Structure formats: structure tokens, C-alpha cells
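*Asks:* Below is the file structure21.csv, with CSV, C-alpha atoms and all ligand atoms.
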chain,number,residue,atom,x,y,z
A,266,MET,CA,3.5,-6.2,-31.7
A,267,LYS,CA,0.9,-6.4,-34.4
A,268,LYS,CA,-1.5,-4.2,-36.1
A,269,LEU,CA,-5.2,-5.0,-35.8
A,270,ILE,CA,-6.6,-2.3,-38.0
A,271,LYS,CA,-4.7,0.6,-39.5
A,272,GLY,CA,-2.2,1.5,-36.8
A,273,VAL,CA,-4.1,0.2,-33.9
A,274,ILE,CA,-1.8,-1.4,-31.4
A,275,ILE,CA,-2.5,-4.3,-29.1
A,276,PHE,CA,-0.8,-6.5,-26.6
A,277,VAL,CA,2.3,-8.6,-26.8
A,278,CYS,CA,2.7,-10.7,-23.8
A,279,LEU,CA,6.1,-12.1,-23.5
A,280,LEU,CA,9.2,-10.2,-23.0
A,281,ASN,CA,12.5,-12.0,-22.9
A,282,ILE,CA,14.5,-9.4,-21.0
A,283,LYS,CA,15.8,-9.9,-17.6
A,284,ILE,CA,15.9,-7.1,-15.1
A,285,VAL,CA,17.1,-7.2,-11.6
A,286,SER,CA,14.5,-6.2,-9.1
A,287,LYS,CA,14.8,-6.3,-5.3
A,288,ALA,CA,11.2,-5.9,-4.0
A,289,GLN,CA,7.8,-5.4,-5.5
A,290,THR,CA,7.3,-1.8,-6.4
A,291,ILE,CA,5.0,0.3,-8.4
A,292,ASP,CA,7.3,2.5,-10.4
A,293,PHE,CA,5.9,5.8,-11.6
A,294,ALA,CA,9.3,7.2,-12.6
A,295,PRO,CA,8.9,7.0,-16.4
A,296,LEU,CA,5.3,8.3,-16.1
A,297,ASP,CA,6.3,11.2,-13.8
A,298,ALA,CA,9.2,11.9,-16.2
A,299,TYR,CA,6.6,12.3,-19.0
A,300,TRP,CA,4.5,14.7,-17.0
A,301,LYS,CA,7.6,16.7,-16.3
A,302,LEU,CA,8.7,16.6,-19.9
A,303,ILE,CA,5.6,18.1,-21.3
A,304,GLU,CA,5.3,21.1,-18.8
A,305,PRO,CA,7.8,23.4,-20.5
A,306,LEU,CA,6.2,22.6,-23.9
A,307,LYS,CA,3.0,24.1,-22.7
A,308,SER,CA,4.7,27.4,-22.2
A,309,GLY,CA,6.3,27.3,-25.6
A,310,ASP,CA,9.6,25.4,-25.2
A,311,SER,CA,10.5,22.8,-27.7
A,312,LEU,CA,11.4,19.2,-26.8
A,313,SER,CA,15.2,19.1,-27.2
A,314,LEU,CA,16.9,16.1,-28.6
A,315,ILE,CA,18.9,15.6,-25.4
A,316,THR,CA,15.9,15.8,-23.1
A,317,TRP,CA,14.1,13.3,-25.4
A,318,LYS,CA,17.1,11.0,-25.3
A,319,ASN,CA,17.4,11.2,-21.5
A,320,PHE,CA,13.7,10.4,-21.3
A,321,LEU,CA,14.0,7.4,-23.6
A,322,ASP,CA,17.0,6.2,-21.6
A,323,ILE,CA,14.9,5.6,-18.5
A,324,GLU,CA,15.1,1.8,-18.2
A,325,PRO,CA,11.4,0.9,-18.6
A,326,ASN,CA,11.1,3.3,-21.6
A,327,LYS,CA,14.1,1.7,-23.1
A,328,ILE,CA,12.8,-1.9,-22.6
A,329,TYR,CA,9.4,-0.9,-24.0
A,330,VAL,CA,10.8,0.8,-27.1
A,331,GLN,CA,13.1,-2.2,-27.8
A,332,ASN,CA,10.2,-4.7,-27.3
A,333,GLN,CA,8.0,-2.8,-29.7
A,334,GLY,CA,10.8,-2.5,-32.2
A,335,PHE,CA,10.5,1.3,-32.5
A,336,ASP,CA,13.3,2.6,-34.7
A,337,ASN,CA,14.9,6.1,-34.6
A,338,ASP,CA,12.7,7.3,-37.3
A,339,TYR,CA,9.6,6.4,-35.3
A,340,LEU,CA,11.0,7.9,-32.1
A,341,GLU,CA,11.8,11.2,-33.9
A,342,ARG,CA,8.3,11.3,-35.3
A,343,LEU,CA,7.0,10.7,-31.8
A,344,ARG,CA,9.1,13.6,-30.4
A,345,LYS,CA,7.8,15.9,-33.1
A,346,THR,CA,4.2,14.8,-32.5
A,347,ILE,CA,4.6,15.5,-28.7
A,348,GLN,CA,5.8,19.1,-29.7
A,349,LEU,CA,2.8,19.4,-32.1
A,350,VAL,CA,0.3,18.4,-29.4
A,351,TYR,CA,1.7,20.4,-26.5
A,352,MET,CA,3.2,23.6,-27.9
A,353,SER,CA,0.7,26.3,-28.2
A,354,LYS,CA,2.2,27.6,-31.4
A,355,ASN,CA,0.9,24.5,-33.1
A,356,GLU,CA,-2.6,24.7,-31.8
A,357,ASN,CA,-4.2,25.5,-35.2
A,358,ILE,CA,-2.7,22.4,-36.8
A,359,LEU,CA,-3.7,20.3,-33.8
A,360,ALA,CA,-7.2,21.7,-33.9
A,361,LYS,CA,-7.6,20.5,-37.5
A,362,ARG,CA,-6.2,17.1,-36.6
A,363,VAL,CA,-8.5,16.8,-33.6
A,364,VAL,CA,-11.5,17.3,-35.9
A,365,ALA,CA,-10.3,14.4,-38.0
A,366,ILE,CA,-9.4,12.3,-35.0
A,367,ASP,CA,-12.9,12.8,-33.5
A,368,LYS,CA,-14.3,11.2,-36.6
A,369,ASP,CA,-11.6,8.5,-37.0
A,370,PRO,CA,-8.6,8.3,-34.6
A,371,SER,CA,-6.6,6.2,-37.1
A,372,SER,CA,-6.6,9.3,-39.5
A,373,TYR,CA,-3.8,10.7,-37.3
A,374,TRP,CA,-3.0,7.7,-35.2
A,375,LEU,CA,0.3,9.0,-33.7
A,376,THR,CA,-1.2,12.4,-32.9
A,377,TYR,CA,-4.1,10.6,-31.4
A,378,LYS,CA,-1.9,8.4,-29.2
A,379,VAL,CA,-0.2,11.5,-27.8
A,380,TYR,CA,-3.3,13.7,-27.7
A,381,VAL,CA,-5.2,11.4,-25.4
A,382,TYR,CA,-2.6,12.0,-22.7
A,383,LYS,CA,-3.2,15.8,-23.1
A,384,LYS,CA,-6.9,15.7,-23.4
A,385,TYR,CA,-7.3,13.4,-20.3
A,386,GLU,CA,-4.4,14.6,-18.3
A,387,LYS,CA,-6.6,15.5,-15.3
A,388,GLU,CA,-8.4,12.1,-15.3
A,389,LEU,CA,-5.2,10.2,-15.9
A,390,LYS,CA,-3.4,11.9,-13.0
A,391,ALA,CA,-6.4,11.2,-10.7
A,392,PHE,CA,-6.3,7.6,-11.8
A,393,GLN,CA,-2.5,7.5,-11.1
A,394,ASN,CA,-3.3,8.7,-7.6
A,395,GLN,CA,-5.8,5.8,-7.1
A,396,LEU,CA,-3.0,3.3,-8.0
A,397,ILE,CA,-0.9,4.4,-5.1
A,398,ASN,CA,-3.7,3.1,-2.8
A,399,PRO,CA,-2.3,0.0,-0.9
A,400,SER,CA,-5.3,-2.0,-2.0
A,401,TYR,CA,-4.3,-2.0,-5.7
A,402,ILE,CA,-1.6,-4.6,-5.7
A,403,PRO,CA,-3.7,-7.1,-3.7
A,404,LEU,CA,-6.5,-6.6,-6.2
A,405,ILE,CA,-4.1,-7.5,-9.1
A,406,TYR,CA,-3.2,-10.7,-7.2
A,407,LYS,CA,-6.9,-11.5,-6.5
A,408,ASN,CA,-7.7,-11.3,-10.2
A,409,SER,CA,-4.8,-13.4,-11.1
A,410,PHE,CA,-5.5,-16.1,-8.4
A,411,GLU,CA,-9.0,-16.6,-9.7
A,412,TRP,CA,-7.4,-18.3,-12.7
A,413,LEU,CA,-4.7,-20.2,-10.9
A,414,PRO,CA,-4.7,-23.5,-8.9
A,415,LYS,CA,-4.0,-23.2,-5.2
A,416,LYS,CA,-0.4,-24.4,-5.6
A,417,LEU,CA,0.4,-21.5,-7.9
A,418,GLN,CA,-1.4,-18.8,-5.9
A,419,ASN,CA,1.8,-17.4,-4.6
A,420,LYS,CA,2.7,-13.7,-4.5
A,421,ASP,CA,5.9,-12.8,-6.2
A,422,GLY,CA,7.5,-9.9,-4.5
A,423,LYS,CA,10.1,-9.6,-7.1
A,424,ILE,CA,7.8,-8.4,-9.8
A,425,ASP,CA,8.0,-4.7,-10.5
A,426,ILE,CA,5.3,-2.8,-12.3
A,427,HIS,CA,6.4,0.2,-14.3
A,428,PHE,CA,4.1,2.9,-15.7
A,429,LEU,CA,4.7,4.8,-18.9
A,430,GLY,CA,3.3,8.0,-20.2
A,431,ILE,CA,3.6,7.2,-23.9
A,432,GLU,CA,1.8,4.7,-26.1
A,433,ASN,CA,-1.1,2.4,-25.4
A,434,ASP,CA,0.0,-1.1,-24.6
A,435,ALA,CA,1.2,-3.5,-21.8
A,436,ILE,CA,3.9,-6.1,-21.8
A,437,ALA,CA,5.1,-8.6,-19.2
A,438,GLY,CA,7.7,-11.3,-18.6
A,439,ASP,CA,10.6,-12.4,-16.5
A,440,GLY,CA,9.7,-10.5,-13.4
A,441,ILE,CA,8.7,-7.2,-15.0
A,442,VAL,CA,5.4,-5.7,-16.1
A,443,ILE,CA,5.3,-2.5,-18.1
A,444,THR,CA,2.0,-0.8,-18.8
A,445,THR,CA,1.1,2.5,-20.4
A,446,LEU,CA,-1.2,4.7,-18.3
A,447,TRP,CA,-3.7,5.2,-21.2
A,448,THR,CA,-4.3,1.5,-21.6
A,449,LEU,CA,-4.6,0.8,-17.9
A,450,TYR,CA,-6.9,3.7,-17.3
A,451,ASN,CA,-9.3,2.5,-20.0
A,452,GLN,CA,-9.1,-1.2,-19.1
A,453,ASP,CA,-9.4,-0.6,-15.4
A,454,LYS,CA,-12.6,1.3,-15.9
A,455,LEU,CA,-14.1,-2.0,-16.9
A,456,LYS,CA,-12.4,-4.1,-14.2
A,457,MET,CA,-10.0,-2.6,-11.7
A,458,GLY,CA,-6.7,-4.5,-11.7
A,459,GLY,CA,-7.9,-6.8,-14.6
A,460,LEU,CA,-5.2,-6.0,-17.1
A,461,LEU,CA,-2.4,-6.3,-14.6
A,462,GLY,CA,-4.0,-9.4,-13.2
A,463,HIS,CA,-3.7,-10.8,-16.8
A,464,GLU,CA,0.0,-9.8,-17.0
A,465,MET,CA,0.7,-11.2,-13.5
A,466,HIS,CA,-1.0,-14.5,-14.5
A,467,HIS,CA,1.7,-14.9,-17.2
A,468,VAL,CA,4.4,-14.7,-14.5
A,469,LEU,CA,2.7,-16.7,-11.8
A,470,ARG,CA,1.5,-19.6,-14.0
A,471,LYS,CA,5.1,-20.6,-14.5
A,472,PRO,CA,4.7,-22.3,-17.9
A,473,ILE,CA,6.4,-25.6,-18.3
A,474,THR,CA,9.3,-25.7,-20.7
A,475,PHE,CA,10.6,-28.9,-22.2
A,476,PRO,CA,14.4,-29.4,-22.4
A,477,LYS,CA,14.4,-30.7,-25.9
A,478,ILE,CA,11.8,-30.7,-28.6
A,479,ASP,CA,12.1,-32.5,-31.9
A,480,GLU,CA,12.2,-30.1,-34.9
A,481,GLN,CA,8.9,-31.3,-36.3
A,482,ASP,CA,7.1,-30.6,-33.1
A,483,LEU,CA,8.4,-27.1,-32.4
A,484,GLY,CA,5.6,-25.4,-34.3
A,485,ILE,CA,2.7,-27.3,-32.8
A,486,ILE,CA,4.2,-27.1,-29.3
A,487,TYR,CA,4.4,-23.4,-29.8
A,488,PHE,CA,0.8,-23.3,-30.7
A,489,ILE,CA,-0.6,-25.3,-27.8
A,490,ASN,CA,1.6,-23.4,-25.3
A,491,ALA,CA,0.7,-20.0,-26.7
A,492,THR,CA,-3.1,-20.7,-26.8
A,493,LEU,CA,-3.0,-22.0,-23.2
A,494,ASN,CA,-0.9,-19.1,-22.0
A,495,GLU,CA,-3.0,-16.3,-23.5
A,496,GLY,CA,-6.3,-18.0,-23.4
A,497,THR,CA,-6.3,-18.6,-19.6
A,498,ALA,CA,-4.9,-15.1,-18.9
A,499,ASP,CA,-7.6,-13.6,-21.1
A,500,MET,CA,-10.3,-15.0,-18.8
A,501,ILE,CA,-9.2,-12.3,-16.3
A,502,ASP,CA,-9.6,-9.2,-18.5
A,503,LYS,CA,-10.9,-9.9,-22.0
A,504,VAL,CA,-14.2,-11.3,-21.0
A,505,VAL,CA,-15.3,-7.8,-19.7
A,506,ASN,CA,-13.4,-6.1,-22.5
A,507,ILE,CA,-15.5,-8.0,-25.1
A,508,GLU,CA,-18.7,-7.5,-23.1
A,509,TYR,CA,-18.3,-3.8,-22.9
A,510,GLN,CA,-16.4,-3.2,-26.2
A,511,GLY,CA,-18.8,-0.4,-27.2
A,512,GLU,CA,-17.6,1.7,-24.2
A,513,LEU,CA,-13.9,1.6,-25.2
A,514,PRO,CA,-11.9,4.1,-27.2
A,515,MET,CA,-10.5,2.9,-30.5
A,516,GLY,CA,-7.8,0.3,-30.3
A,517,MET,CA,-8.9,-0.8,-26.8
A,518,SER,CA,-11.5,-3.3,-27.8
A,519,TYR,CA,-10.1,-6.7,-28.5
A,520,LYS,CA,-13.1,-8.6,-29.9
A,521,ASP,CA,-11.7,-9.0,-33.4
A,522,PHE,CA,-8.3,-9.6,-32.2
A,523,GLU,CA,-9.4,-12.4,-29.9
A,524,LEU,CA,-12.1,-14.0,-32.1
A,525,PHE,CA,-11.6,-13.3,-35.8
A,526,GLN,CA,-11.6,-16.7,-37.6
A,527,ALA,CA,-10.8,-18.5,-34.4
A,528,ASP,CA,-12.7,-21.6,-35.3
A,529,SER,CA,-11.1,-21.9,-38.7
A,530,ILE,CA,-7.7,-21.6,-37.1
A,531,VAL,CA,-8.6,-24.6,-34.9
A,532,ALA,CA,-9.8,-26.4,-38.0
A,533,GLN,CA,-6.5,-25.7,-39.8
A,534,VAL,CA,-4.5,-27.0,-36.8
A,535,ASP,CA,-6.5,-30.1,-36.9
A,536,ILE,CA,-5.6,-30.6,-40.6
A,537,ASN,CA,-1.9,-30.0,-39.7
A,538,LEU,CA,-2.0,-32.6,-37.0
A,539,ILE,CA,-3.7,-35.2,-39.2
A,540,GLU,CA,-0.9,-34.7,-41.7
A,541,MET,CA,1.7,-35.1,-39.0
A,542,GLN,CA,0.1,-38.2,-37.6
A,543,LYS,CA,-0.3,-39.8,-41.0
A,544,SER,CA,3.3,-39.0,-42.1
A,545,GLU,CA,4.7,-39.9,-38.7
A,546,GLY,CA,6.0,-36.3,-38.3
A,547,LYS,CA,7.5,-35.9,-41.7
A,548,ILE,CA,5.0,-33.3,-42.8
A,549,PHE,CA,4.9,-30.5,-40.3
A,550,LYS,CA,4.5,-26.7,-39.9
A,551,THR,CA,7.2,-24.6,-38.4
A,552,GLU,CA,6.8,-22.2,-35.4
A,553,LYS,CA,6.8,-19.3,-37.9
A,554,ASP,CA,3.9,-21.0,-39.8
A,555,TYR,CA,2.0,-21.2,-36.5
A,556,ARG,CA,2.8,-17.6,-35.6
A,557,ASN,CA,1.3,-16.6,-39.0
A,558,LEU,CA,-1.7,-18.9,-38.5
A,559,VAL,CA,-2.5,-17.1,-35.2
A,560,ARG,CA,-1.9,-13.8,-37.0
A,561,TRP,CA,0.9,-12.9,-34.6
A,562,THR,CA,-1.5,-12.5,-31.7
A,563,SER,CA,0.8,-14.5,-29.4
A,564,GLY,CA,-1.9,-17.1,-29.1
A,565,HIS,CA,-4.8,-14.8,-28.0
A,566,CYS,CA,-6.6,-16.0,-31.1
A,567,PRO,CA,-7.8,-18.8,-30.9
A,568,GLY,CA,-6.7,-19.2,-27.2
A,569,TYR,CA,-9.5,-17.0,-25.8
A,570,TYR,CA,-12.0,-18.8,-28.0
A,571,MET,CA,-10.9,-22.3,-26.9
A,572,THR,CA,-10.7,-21.4,-23.2
A,573,ASP,CA,-14.1,-19.8,-23.3
A,574,ILE,CA,-15.5,-23.1,-24.7
A,575,VAL,CA,-13.8,-25.1,-22.0
A,576,VAL,CA,-15.1,-22.8,-19.3
A,577,ARG,CA,-18.6,-22.6,-20.5
A,578,GLN,CA,-18.9,-26.4,-20.6
A,579,GLY,CA,-18.0,-26.5,-16.9
A,580,TYR,CA,-14.3,-27.5,-17.0
A,581,LYS,CA,-12.8,-24.6,-15.2
A,582,LYS,CA,-11.7,-26.7,-12.3
A,583,ARG,CA,-10.0,-29.3,-14.5
A,584,LEU,CA,-8.4,-26.5,-16.5
A,585,MET,CA,-7.0,-25.0,-13.2
A,586,GLN,CA,-5.7,-28.4,-12.1
A,587,ASN,CA,-3.9,-28.8,-15.5
A,588,ILE,CA,-3.0,-25.1,-16.1
A,589,GLN,CA,0.6,-25.9,-17.0
A,590,ASN,CA,-0.2,-28.8,-19.3
A,591,PRO,CA,-0.8,-27.8,-22.9
A,592,PHE,CA,-1.7,-31.3,-24.0
A,593,GLU,CA,-4.5,-31.5,-21.4
A,594,PHE,CA,-5.7,-28.1,-22.7
A,595,ILE,CA,-6.3,-29.7,-26.1
A,596,TYR,CA,-8.1,-32.7,-24.6
A,597,LEU,CA,-10.3,-30.5,-22.5
A,598,TYR,CA,-11.1,-28.2,-25.4
A,599,ASN,CA,-12.2,-31.2,-27.4
A,600,LYS,CA,-14.3,-32.6,-24.6
A,601,ALA,CA,-16.0,-29.3,-24.3
A,602,ALA,CA,-16.3,-28.6,-28.0
A,603,LYS,CA,-18.1,-32.0,-28.5
A,604,LYS,CA,-20.8,-30.9,-26.0
A,605,ASP,CA,-21.1,-27.2,-27.1
A,606,LYS,CA,-24.3,-26.3,-28.9
A,607,GLU,CA,-22.5,-23.7,-31.1
A,608,LYS,CA,-20.7,-26.6,-32.7
A,609,PRO,CA,-17.1,-25.4,-32.6
A,610,HIS,CA,-14.5,-27.5,-34.5
A,611,VAL,CA,-13.7,-30.7,-32.8
A,612,PHE,CA,-10.2,-32.2,-33.3
A,613,SER,CA,-10.1,-35.5,-35.1
A,614,ASP,CA,-9.0,-38.8,-33.5
A,615,GLU,CA,-5.8,-38.6,-35.6
A,616,ALA,CA,-5.0,-35.2,-34.3
A,617,ILE,CA,-5.6,-36.2,-30.7
A,618,ALA,CA,-3.5,-39.3,-31.3
A,619,TYR,CA,-0.6,-37.0,-32.3
A,620,ILE,CA,-1.1,-34.8,-29.2
A,621,LYS,CA,-1.0,-38.0,-27.0
A,622,LEU,CA,2.2,-39.1,-28.8
A,623,MET,CA,3.8,-35.7,-28.0
A,624,GLU,CA,2.6,-35.8,-24.4
A,625,ASN,CA,4.2,-39.3,-23.9
A,626,LYS,CA,7.4,-38.0,-25.5
A,627,TYR,CA,7.8,-34.7,-23.6
A,628,TRP,CA,5.7,-34.4,-20.5
A,629,LYS,CA,7.8,-36.7,-18.4
A,630,TYR,CA,10.9,-34.5,-19.1
A,631,LYS,CA,9.3,-31.3,-17.9
A,701,ZN,ZN,-1.1,-11.9,-22.2
Once more with this new file: its structure as C-alpha cells, please.

*Replies:*
Amino acid sequence: MKKLIKGVIIFVCLLNIKIVSKAQTIDFAPLDAYWKLIEPLKSGDSLSLITWKNFLDIEPNKIYVQNQGFDNDYLERLRKTIQLVYMSKNENILAKRVVAIDKDPSSYWLTYKVYVYKKYEKELKAFQNQLINPSYIPLIYKNSFEWLPKKLQNKDGKIDIHFLGIENDAIAGDGIVITTLWTLYNQDKLKMGGLLGHEMHHVLRKPITFPKIDEQDLGIIYFINATLNEGTADMIDKVVNIEYQGELPMGMSYKDFELFQADSIVAQVDINLIEMQKSEGKIFKTEKDYRNLVRWTSGHCPGYYMTDIVVRQGYKKRLMQNIQNPFEFIYLYNKAAKKDKEKPHVFSDEAIAYIKLMENKYWKYK
């Protein structure tokens, strides 16, 4: 979880928590619990600590809170903010904040995140009803399959999708997808089932893991895996997000997140690879270095940028054929970048030589 601009929250797309699920379901329990939670507040009740704790103990809420690293202090502020937004005795304070929020949501970011669920309650509930439609899950798969080769176009009935009534994010991994209703409502306006198609892509792509990676290669392997993972999934939803960014509320547009300094990140990776190649792996950057380099975007930046170049140069089919091969992703990017009239950074021969060396070393053990 990272901040883009002051307090604006965006995606993290890998969650290493196992949850046992029996069949594919759309789970509205945490969301419905939220709608139930706020009702008494509207007629003046406060949100008791025990009610709040029980709410947070609902499994998907618990997983989400853990994944985002929300501590007790944050959760207590969230409880108080929910009281502030929904209890009528606070309406004067809220009204003042709303004036500020209308000018700049980040001025009272936490209040804003709760307030949108109040302001758009009617619209959000209508949207929730749309999701119950049996055509919704097939649409998620359709979006996902557009960016997967035939052999990976398999439905996975074990993936459960959980909806939350707090916050503004979505996470996925290991058979579970958790999304907040506010995020989904806004993203689906641009492309119905796009965001969940992205999250489903992470699960269905079945990324290759290598049993053993030498210490010096851990960082660069992280980078090529992460950019391939997020870059390809981003083709499902971020293309429309960036095209229609002006229509989205604050924190929902990902243009900067996806593209800020993407080309110079690629150039820096090239420098790192040249150093590795020349020093025969003695000079290297760690996984943490690469996480910093991609600004903790999980690989969205420069993954989206690189994949977009590959696709616009006509290599979508080859990308699909090699969607689990991070080495091929770099070769394809380079082939496309050489042809691209926007002159993106092209990896040097030394860098490609090191990628080839790693491919020879690891790909056979996949
Ligand atoms: Zn993702």
C-alpha cells in the first residue's frame, strides 16, 4: 500500500494469505454489515467499540485491514470518523468539512473516504444490486481472458469475491479477491467488470516461480516478474482509466501512478543490468532496491508503460504466448521499443545478455 499524493490510496495486488473457499461466490456479507452498522448512527446512536470490533472481525475485513497495515490508532480514527459522518449531532462539523472536501478531498481524506459512502449510498446500493446479476461473473472472466492465452483461459470456481463498505482499494491473491464498493463503483462506470477482470488475471495467469534464485538475481527477477504481472493485468482496466481520468474522483485516476518517470526507471534498470553483466553478478541491486525503484507500485510502473509499448507495436499475440515468461517480456519490450516512434529507452546488448544468462539458468527449472 502506497501513497500517491497526500493520502491517496491505490492498489496493491498480491496478498499472501490463504483462505479456504469451496465454490465461487460473491460475498456481500462485509458490505451488508456496513450498511447495517451505519443505520443506528443515523438516528443518533454512537458506534460502540464492541460493534466496531465485531465488524472488523468479519474475515474479509480482517484480511483487508491486515494487508493494508492499518493499526489500532488508524482503526479508532476510522470509527470516530464514521460517527462524525453519520451521527446527526455532528452535522455542523461535517458540513464544514464537506466544503473543504469539495475543494480538495485530501484536506480531510479520512472523512472523505467515509463520506462518499454516505453521499452516494443510493447509487452504491443500486450498483450492488447490479452485481447480483448472473451476467457479472462471466463478464469478469471475459475481461480477464482477453489478456490470457487459450491454455490459461480456465474459470476458477474456487475464487471468492468479497465486497467491503469501507475504504477505496482492491486486493487479490491466492484464491481471494477483496474489493471496496466505492472503488468498484467508480472503475466499473468506465468498464464494467474491468477492475475485477484485472484482479482475476493475477490469479489465472499462474505466474511461474523458480525453486531457487541466486542472491544477486533476486532483485532483478522481482522486477521482471512484477512488471509483467501488473503490466499485462493493467491492459484490462488501466487503459480506460487513463483515457477517462478526468471523469474520476480523486484517488481513482492512475495516470501518474502508472506512468510517472516510467522511462527513466527502465533506463536505470538497464544501467543496473550492465553493471551486473560486467561484474559477472558481483555488483547487483536487492529486491528492496527494486521495490524502491518502482516506487512501491508492485510493478505497475513501469509495467503498464512497457506492456503498452509491446502492444502498440503489434506484439500482443507473442506476449500472450509467453505470458508466464518474464525474460521474454524484456525481449519483446526491447523489440517494440526499437520500433517505437516515441523513442522509449532500449535495453543495451549487455543488459539483454544478462537477461539471457538468467533465462538459461532458471527457466528450465520452472
Ligand atoms: Zn494488479

*Asks:* Name the residues, by chain letter and number, that sit within 9 Å of ligand ZN 701 (chain A) using only C-alpha atoms and all ligand atoms, and give them as a VMD selection string.

*Replies:* chain A and resid 276 to 279 435 to 437 460 463 to 467 494 to 499 563 to 565

*Asks:* So which one's closest to A:Phe293, A:Phe335, A:Phe428, A:Phe392, A:Phe525? Using all atoms listed in the file, please.

*Replies:*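 The closest residue to A:Phe293 is A:Phe428.
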
*Asks:* Identify, on the basis of all atoms listed in the file, every residue whose closest approach to stretch 527-541 of chain A does not exceed 10 Å; exclude the query and any residue fewer than 3 positions from it along the same chain; express the result as a PDB file with C-alpha atoms, keeping the file's coordinate frame.

*Replies:*
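The resulting file, selection-v1.pdb, is shown below:
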ATOM      1  CA  GLN A 481       8.900 -31.300 -36.300  1.00  0.00           C
ATOM      2  CA  ASP A 482       7.100 -30.600 -33.100  1.00  0.00           C
ATOM      3  CA  ILE A 485       2.700 -27.300 -32.800  1.00  0.00           C
ATOM      4  CA  PHE A 488       0.800 -23.300 -30.700  1.00  0.00           C
ATOM      5  CA  ILE A 489      -0.600 -25.300 -27.800  1.00  0.00           C
ATOM      6  CA  ASP A 521     -11.700  -9.000 -33.400  1.00  0.00           C
ATOM      7  CA  PHE A 522      -8.300  -9.600 -32.200  1.00  0.00           C
ATOM      8  CA  GLU A 523      -9.400 -12.400 -29.900  1.00  0.00           C
ATOM      9  CA  LEU A 524     -12.100 -14.000 -32.100  1.00  0.00           C
ATOM     10  CA  SER A 544       3.300 -39.000 -42.100  1.00  0.00           C
ATOM     11  CA  GLU A 545       4.700 -39.900 -38.700  1.00  0.00           C
ATOM     12  CA  GLY A 546       6.000 -36.300 -38.300  1.00  0.00           C
ATOM     13  CA  LYS A 547       7.500 -35.900 -41.700  1.00  0.00           C
ATOM     14  CA  ILE A 548       5.000 -33.300 -42.800  1.00  0.00           C
ATOM     15  CA  PHE A 549       4.900 -30.500 -40.300  1.00  0.00           C
ATOM     16  CA  LYS A 550       4.500 -26.700 -39.900  1.00  0.00           C
ATOM     17  CA  TYR A 555       2.000 -21.200 -36.500  1.00  0.00           C
ATOM     18  CA  LEU A 558      -1.700 -18.900 -38.500  1.00  0.00           C
ATOM     19  CA  VAL A 559      -2.500 -17.100 -35.200  1.00  0.00           C
ATOM     20  CA  ARG A 560      -1.900 -13.800 -37.000  1.00  0.00           C
ATOM     21  CA  HIS A 565      -4.800 -14.800 -28.000  1.00  0.00           C
ATOM     22  CA  CYS A 566      -6.600 -16.000 -31.100  1.00  0.00           C
ATOM     23  CA  PRO A 567      -7.800 -18.800 -30.900  1.00  0.00           C
ATOM     24  CA  GLY A 568      -6.700 -19.200 -27.200  1.00  0.00           C
ATOM     25  CA  TYR A 569      -9.500 -17.000 -25.800  1.00  0.00           C
ATOM     26  CA  TYR A 570     -12.000 -18.800 -28.000  1.00  0.00           C
ATOM     27  CA  MET A 571     -10.900 -22.300 -26.900  1.00  0.00           C
ATOM     28  CA  LYS A 608     -20.700 -26.600 -32.700  1.00  0.00           C
ATOM     29  CA  PRO A 609     -17.100 -25.400 -32.600  1.00  0.00           C
ATOM     30  CA  HIS A 610     -14.500 -27.500 -34.500  1.00  0.00           C
ATOM     31  CA  VAL A 611     -13.700 -30.700 -32.800  1.00  0.00           C
ATOM     32  CA  PHE A 612     -10.200 -32.200 -33.300  1.00  0.00           C
ATOM     33  CA  SER A 613     -10.100 -35.500 -35.100  1.00  0.00           C
ATOM     34  CA  ASP A 614      -9.000 -38.800 -33.500  1.00  0.00           C
ATOM     35  CA  GLU A 615      -5.800 -38.600 -35.600  1.00  0.00           C
ATOM     36  CA  ALA A 616      -5.000 -35.200 -34.300  1.00  0.00           C
ATOM     37  CA  ILE A 617      -5.600 -36.200 -30.700  1.00  0.00           C
ATOM     38  CA  ALA A 618      -3.500 -39.300 -31.300  1.00  0.00           C
ATOM     39  CA  TYR A 619      -0.600 -37.000 -32.300  1.00  0.00           C
ATOM     40  CA  ILE A 620      -1.100 -34.800 -29.200  1.00  0.00           C
TER      41      ILE A 620
END

*Asks:* One decimal, Å: what's the distance from atom CA of A:Tyr627 over to atom CA of A:Arg583, could you say?

*Replies:*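 Going from atom CA of A:Tyr627 over to atom CA of A:Arg583 covers 20.7 Å.
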
*Asks:* Can you check which parts of stretch 335-380 of chain A lie within 12 Å of stretch 511-515 of chain A? Per residue, the shortest pair of atoms and distance in Å to one decimal, counting only C-alpha atoms, sorted by chain and number, as CSV.

*Replies:*
residue,atom,partner,partner_atom,distance
A:Ile366,CA,A:Met515,CA,10.5
A:Asp367,CA,A:Met515,CA,10.6
A:Lys368,CA,A:Met515,CA,11.0
A:Asp369,CA,A:Met515,CA,8.6
A:Pro370,CA,A:Met515,CA,7.0
A:Ser371,CA,A:Met515,CA,8.3
A:Ser372,CA,A:Met515,CA,11.7
A:Trp374,CA,A:Met515,CA,10.1
A:Tyr377,CA,A:Met515,CA,10.1
A:Lys378,CA,A:Met515,CA,10.3

*Asks:* Within 12 Å of A:Ile478, counting only C-alpha atoms, which residues qualify if same-chain residues fewer than 5 places away don't, as a list in words?

*Replies:* Leu483, Gly484, Ile485, Ile486, Tyr487, Glu552, Met623, Glu624, Lys626, Tyr627, Trp628, Tyr630 and Lys631 of chain A

*Asks:* Just the number, please: distance in Å from atom CA of A:Tyr598 to atom CA of A:Val575, one decimal.

*Replies:*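 For atom CA of A:Tyr598 relative to atom CA of A:Val575, the distance reads 5.3 Å.
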
*Asks:* Applying 8 Å and only C-alpha atoms, which residues near A:Gln510 remain after dropping the ones on its own chain fewer than 5 positions away? List them as a PyMOL selection string.

*Replies:* chain A and resi 517-520

*Asks:* Pick the closest to A:Asp425 from A:Met352, A:Leu455, A:Leu343, A:Ile291: which is it, counting all atoms listed in the file?

*Replies:*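 With all atoms listed in the file as the atom set, the closest residue is A:Ile291.
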